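Peer 1: Before I ask anything, here is the structure I am working with.
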Amino acid sequence: MPAARVEYIAPWWVVWLHSVPHLGLRLQRVDSTFNPRDENYQESLLFLGLVAAVCLGLNLVFLTAYLVCVCCCRQDGAVQTKLRRSCCVTWSAVVAGLVCCAAVGIGFYGNSETNDGVYQLIYSLGNANHTFSGIDALVSGTTQEMTVDLERHLARLSEIFAMRGDYLQTLKFLQQMAGNIVAQLSGVPVWTGVTAKLTELADQTGYVEYYRWLSYLLLFILDLVVCFVACLGLARRSRCLLALTLCCGLLALLLSWTALAADTAAAVGASDFCAAPDTFILNMTEDQLSAEVTRYYLYCGQSVSSPFQQALTVFQRSLTTMQIQVAGLLQFAVPMFPTAQNELLRIQLLLNSSESSLQQLTAMLDCRGLHKDYLDALTGICYDGIEGLLFLGLFSLLAALAFSTMICAGLRAWKRCTTRDRDYDDIDEDDPFNPQARRIAAHNPPRGQLHSFCSYSSGLGSQTSLQPPAQTVSNAPVSEYMNQAVLFGGNPRYENTPLIGRGSPPPTYTPSMRATYLSLADEPLRHYGHEFPA
């Protein structure tokens, strides 16, 4: 391999990914040389995707086990334990949300880098196609000028110079030089097949890249929406929002592992190509181009000679000789054959046009232009493209971790909400300290007996031990007001004095606890009832 090729150096991540063991579905070692047509090589990339699928399965098993533990574990009634668990759930959700936002930011950067690299590849392919198409157009145009247009003019001049053998000999010499030029141009490769393949590759790459970029953008939006819904559900303790969070979080988790599988396979495959791109291109073009021509463009440098140098030199010499011969005919033959001047001038214009085509062809066949396009394409794939895929893989890992934590926190929060609702259902509806009873009381009229019972029972143990509070304005009905006044010895100051003394009921109690409390309160009730008859 020539030593002049120093422009492209594979980055470290290409070397690292290329060294990843390539295993088939039967766990046999596979050659890491990039060969997408080989079934064994395809299986090695598929195996990397299956590794991510196995990780997804383990993740789901862990979440299932955690769900079973959450459903089967006993709820500790201690206040400190409840507060500790509540803080743990809250901070777990906050950390998961922050990790998810950071992952989305990394994903945006990786998606942009990959998109830039792919479109740089497409742009380089377009430039190379333009060059190849220009070469074909110049070769075909010059060939037509030498074989069709020049032959027509020479045929007319042969009729004019039919009586002059020396001029006819000159015309034959011009025809011979034209044939020599056509023979040299036939050695220039026809790039039509290469152009068709590059065009197809660019179109397919652009099509796939558009939907890849759009899919990741939608995935980023989904992740952010799930984080927002999760935070809202935990803040409001809404079972509907928590259920939506669990479903969408599970979907985002599946998509994250799927994206990781695709990114891993694509990054390893691209790294295999970038580790030895010249070898792959030489193998792919051996049926259409000679190895000498391919190497000339792959290893452009002073040590590599142009395979077209001889053809271009012969073209230049033949063209110069023809121009000299035509100039001689214009000088010596036109005074004797004025009708030949028009044809000779047209031949001279044709040769000038061919000289311009020769200059353009020399510039296009030079290796520097196409070699630059080749290096730009490698830079787009091996630097920006693979680097972006690595960042997308990191995004997928962080997103999977964040959503796993978020699902665990959501399951714990769901259990807490379910336990709280079940405890509320076990409390008596007439309990004034029940939050559900308070919500019901906002829509239903209050019960007079409940106010009398609370006021009376709460004041029994406090008439001798505490001073009554200052008199406040009561909003109770008149009948209830009089009833309470009689119960407290005609003193209405105690009607708005709730929970005085130790005889007040606990904040929350079950119906059985209330029955016990009422049975203990019957005796003092009867005693004071005889002293203060209604």
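Letters A, B, ... go to the chains of the structure tokens in the order shown; residues in each chain start at 1; ligands are counted from 1 in the same order.
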Find the residues of region 152-209 of chain A that sit at most 10 Å from region 342-362 of chain A; for each, write down the nearest two atoms and how far apart they are in Å, to one decimal. Count only C-alpha atoms. Sort by chain, then by number going up, and give it as a Markdown table.

Peer 2:
| residue | atom | partner | partner_atom | distance |
| --- | --- | --- | --- | --- |
| A:Arg152 | CA | A:Glu343 | CA | 9.5 |
| A:His153 | CA | A:Glu343 | CA | 5.9 |
| A:Leu154 | CA | A:Glu343 | CA | 8.1 |
| A:Ala155 | CA | A:Glu343 | CA | 10.0 |
| A:Arg156 | CA | A:Glu343 | CA | 7.6 |
| A:Leu157 | CA | A:Glu343 | CA | 7.0 |
| A:Ala178 | CA | A:Leu351 | CA | 10.0 |

Peer 1: Please save all heavy atoms of the selected residues as a CSV table (one decimal), in the first residue's frame.

Peer 2:
chain,number,residue,atom,x,y,z
A,152,ARG,N,-17.8,14.7,-41.4
A,152,ARG,CA,-18.7,15.4,-42.3
A,152,ARG,C,-17.9,16.5,-43.0
A,152,ARG,O,-18.0,16.7,-44.2
A,152,ARG,CB,-19.9,15.9,-41.6
A,152,ARG,CG,-20.9,16.5,-42.5
A,152,ARG,CD,-22.2,16.9,-41.9
A,152,ARG,NE,-22.0,17.9,-40.8
A,152,ARG,CZ,-22.1,17.7,-39.5
A,152,ARG,NH1,-22.4,16.4,-39.1
A,152,ARG,NH2,-21.9,18.6,-38.6
A,153,HIS,N,-17.2,17.3,-42.2
A,153,HIS,CA,-16.4,18.4,-42.8
A,153,HIS,C,-15.3,17.8,-43.7
A,153,HIS,O,-15.0,18.4,-44.8
A,153,HIS,CB,-15.8,19.3,-41.7
A,153,HIS,CG,-16.9,19.9,-40.9
A,153,HIS,ND1,-17.9,20.7,-41.5
A,153,HIS,CD2,-17.1,20.0,-39.6
A,153,HIS,CE1,-18.7,21.2,-40.5
A,153,HIS,NE2,-18.2,20.8,-39.3
A,154,LEU,N,-14.6,16.8,-43.3
A,154,LEU,CA,-13.6,16.2,-44.1
A,154,LEU,C,-14.1,15.6,-45.4
A,154,LEU,O,-13.4,15.7,-46.5
A,154,LEU,CB,-12.8,15.1,-43.3
A,154,LEU,CG,-12.0,15.6,-42.1
A,154,LEU,CD1,-11.4,14.5,-41.4
A,154,LEU,CD2,-10.9,16.6,-42.6
A,155,ALA,N,-15.3,15.1,-45.4
A,155,ALA,CA,-15.9,14.5,-46.6
A,155,ALA,C,-16.2,15.7,-47.6
A,155,ALA,O,-16.0,15.5,-48.8
A,155,ALA,CB,-17.2,13.8,-46.3
A,156,ARG,N,-16.6,16.8,-47.2
A,156,ARG,CA,-16.9,17.9,-48.1
A,156,ARG,C,-15.6,18.5,-48.6
A,156,ARG,O,-15.5,18.8,-49.8
A,156,ARG,CB,-17.7,19.0,-47.3
A,156,ARG,CG,-19.1,18.6,-47.0
A,156,ARG,CD,-19.8,19.7,-46.2
A,156,ARG,NE,-21.1,19.2,-45.7
A,156,ARG,CZ,-21.9,20.0,-44.9
A,156,ARG,NH1,-21.5,21.1,-44.5
A,156,ARG,NH2,-23.1,19.5,-44.6
A,157,LEU,N,-14.6,18.5,-47.8
A,157,LEU,CA,-13.3,19.0,-48.3
A,157,LEU,C,-12.7,18.0,-49.3
A,157,LEU,O,-11.9,18.5,-50.2
A,157,LEU,CB,-12.3,19.2,-47.1
A,157,LEU,CG,-12.6,20.5,-46.2
A,157,LEU,CD1,-11.7,20.5,-45.0
A,157,LEU,CD2,-12.5,21.8,-47.0
A,178,ALA,N,-7.7,12.2,-35.8
A,178,ALA,CA,-9.0,12.2,-35.1
A,178,ALA,C,-9.3,10.8,-34.5
A,178,ALA,O,-9.8,10.6,-33.4
A,178,ALA,CB,-10.1,12.6,-36.0

Peer 1: By how many Å are CA of Phe395 (chain A) and CA of Ala265 (chain A) apart?

Peer 2: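 So the two atoms, CA of Phe395 (chain A) and CA of Ala265 (chain A), lie 15.5 Å apart.
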
Peer 1: Which of these residues is nearest to Val326 (chain A), using only C-alpha atoms: A:Leu394, A:Leu171, A:Ile9, A:Val104?

Peer 2: A:Leu171

Peer 1: Rounded to one decimal in Å, what is the spacing between CA of Val268 (chain A) and CA of Tyr297 (chain A)?

Peer 2: 26.3 Å

Peer 1: Which of these residues is nearest to Thr321 (chain A), using only C-alpha atoms: A:Thr147, A:Gln176, A:Asn111, A:Thr90?

Peer 2: A:Gln176

Peer 1: Residues near Pro189 (chain A), anyone? I mean within 9 Å using only C-alpha atoms, not counting same-chain ones fewer than 6 positions away, as a PyMOL selection string.

Peer 2: chain A and resi 136+288-290+293

Peer 1: Against region 42-66 of chain A, which residues of region 231-329 of chain A fall within 10 Å? For each one I want the closest pair of atoms and the distance in Å (one decimal), counting only C-alpha atoms, rows by chain and increasing residue number, as a tab-separated table.

Peer 2:
residue	atom	partner	partner_atom	distance
A:Leu250	CA	A:Leu60	CA	9.1
A:Leu253	CA	A:Leu56	CA	8.4
A:Leu254	CA	A:Leu56	CA	7.3
A:Ser256	CA	A:Leu56	CA	9.3
A:Trp257	CA	A:Leu56	CA	6.2
A:Thr258	CA	A:Ala52	CA	7.4
A:Ala259	CA	A:Ala52	CA	9.3
A:Leu260	CA	A:Ala52	CA	6.8
A:Ala261	CA	A:Gly49	CA	4.3
A:Ala262	CA	A:Gly49	CA	6.5
A:Asp263	CA	A:Gly49	CA	8.8
A:Thr264	CA	A:Leu48	CA	6.8
A:Ala265	CA	A:Leu45	CA	5.2
A:Ala266	CA	A:Leu45	CA	8.1
A:Ala267	CA	A:Leu45	CA	9.8
A:Val268	CA	A:Leu45	CA	7.6
A:Gly269	CA	A:Leu45	CA	7.1

Peer 1: For Met177 (chain A), please output as a PDB file with N, CA, C and O atoms, in the first residue's frame all residues within 8 Å (counting only C-alpha atoms; exclusion window: fewer than 4 positions along the same chain).

Peer 2:
ATOM      1  N   PHE A 173      -4.563  12.551 -43.125  1.00  0.00           N
ATOM      2  CA  PHE A 173      -3.771  12.657 -41.892  1.00  0.00           C
ATOM      3  C   PHE A 173      -4.639  13.215 -40.752  1.00  0.00           C
ATOM      4  O   PHE A 173      -4.552  12.752 -39.597  1.00  0.00           O
ATOM      5  N   ILE A 181      -7.295  10.230 -31.423  1.00  0.00           N
ATOM      6  CA  ILE A 181      -7.910  10.856 -30.243  1.00  0.00           C
ATOM      7  C   ILE A 181      -9.058  10.000 -29.712  1.00  0.00           C
ATOM      8  O   ILE A 181      -9.202   9.781 -28.508  1.00  0.00           O
ATOM      9  N   SER A 318      -2.046  15.099 -30.626  1.00  0.00           N
ATOM     10  CA  SER A 318      -2.851  14.904 -31.848  1.00  0.00           C
ATOM     11  C   SER A 318      -3.654  16.155 -32.160  1.00  0.00           C
ATOM     12  O   SER A 318      -3.774  16.581 -33.320  1.00  0.00           O
ATOM     13  N   LEU A 319      -4.212  16.739 -31.122  1.00  0.00           N
ATOM     14  CA  LEU A 319      -5.028  17.933 -31.320  1.00  0.00           C
ATOM     15  C   LEU A 319      -4.171  19.109 -31.807  1.00  0.00           C
ATOM     16  O   LEU A 319      -4.581  19.860 -32.717  1.00  0.00           O
ATOM     17  N   THR A 321      -1.370  18.891 -33.524  1.00  0.00           N
ATOM     18  CA  THR A 321      -0.982  18.591 -34.907  1.00  0.00           C
ATOM     19  C   THR A 321      -2.116  18.908 -35.861  1.00  0.00           C
ATOM     20  O   THR A 321      -1.903  19.471 -36.963  1.00  0.00           O
ATOM     21  N   MET A 322      -3.320  18.563 -35.494  1.00  0.00           N
ATOM     22  CA  MET A 322      -4.472  18.850 -36.355  1.00  0.00           C
ATOM     23  C   MET A 322      -4.664  20.356 -36.518  1.00  0.00           C
ATOM     24  O   MET A 322      -4.998  20.839 -37.614  1.00  0.00           O
TER      25      MET A 322
END

Peer 1: Just to confirm, what's the straight-line distance from CA of Ala183 (chain A) to CA of Phe315 (chain A) in Å (one decimal)?

Peer 2: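 Distance between the two atoms: 9.3 Å.
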
Peer 1: How would you write, as a ChimeraX atom specification, the set of residues in region 196-352 of chain A that DSSP gives as helix (DSSP H, G or I)?

Peer 2: /A:196-236,239-275,277-284,291-298,309-332,340-352

Peer 1: Find, counting only C-alpha atoms, the residue in A:Leu370, A:Val99, A:Cys248, A:Cys382 that gets nearest to Cys274 (chain A).

Peer 2: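 When distances to Cys274 (chain A) are compared using only C-alpha atoms, the smallest one comes from A:Cys382.
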
Peer 1: I'd like the contact shell of Val20 (chain A) - 9 Å cut-off, only C-alpha atoms, skipping same-chain residues fewer than 3 positions apart - returned as a ChimeraX atom specification.

Peer 2: /A:16-17,32,268
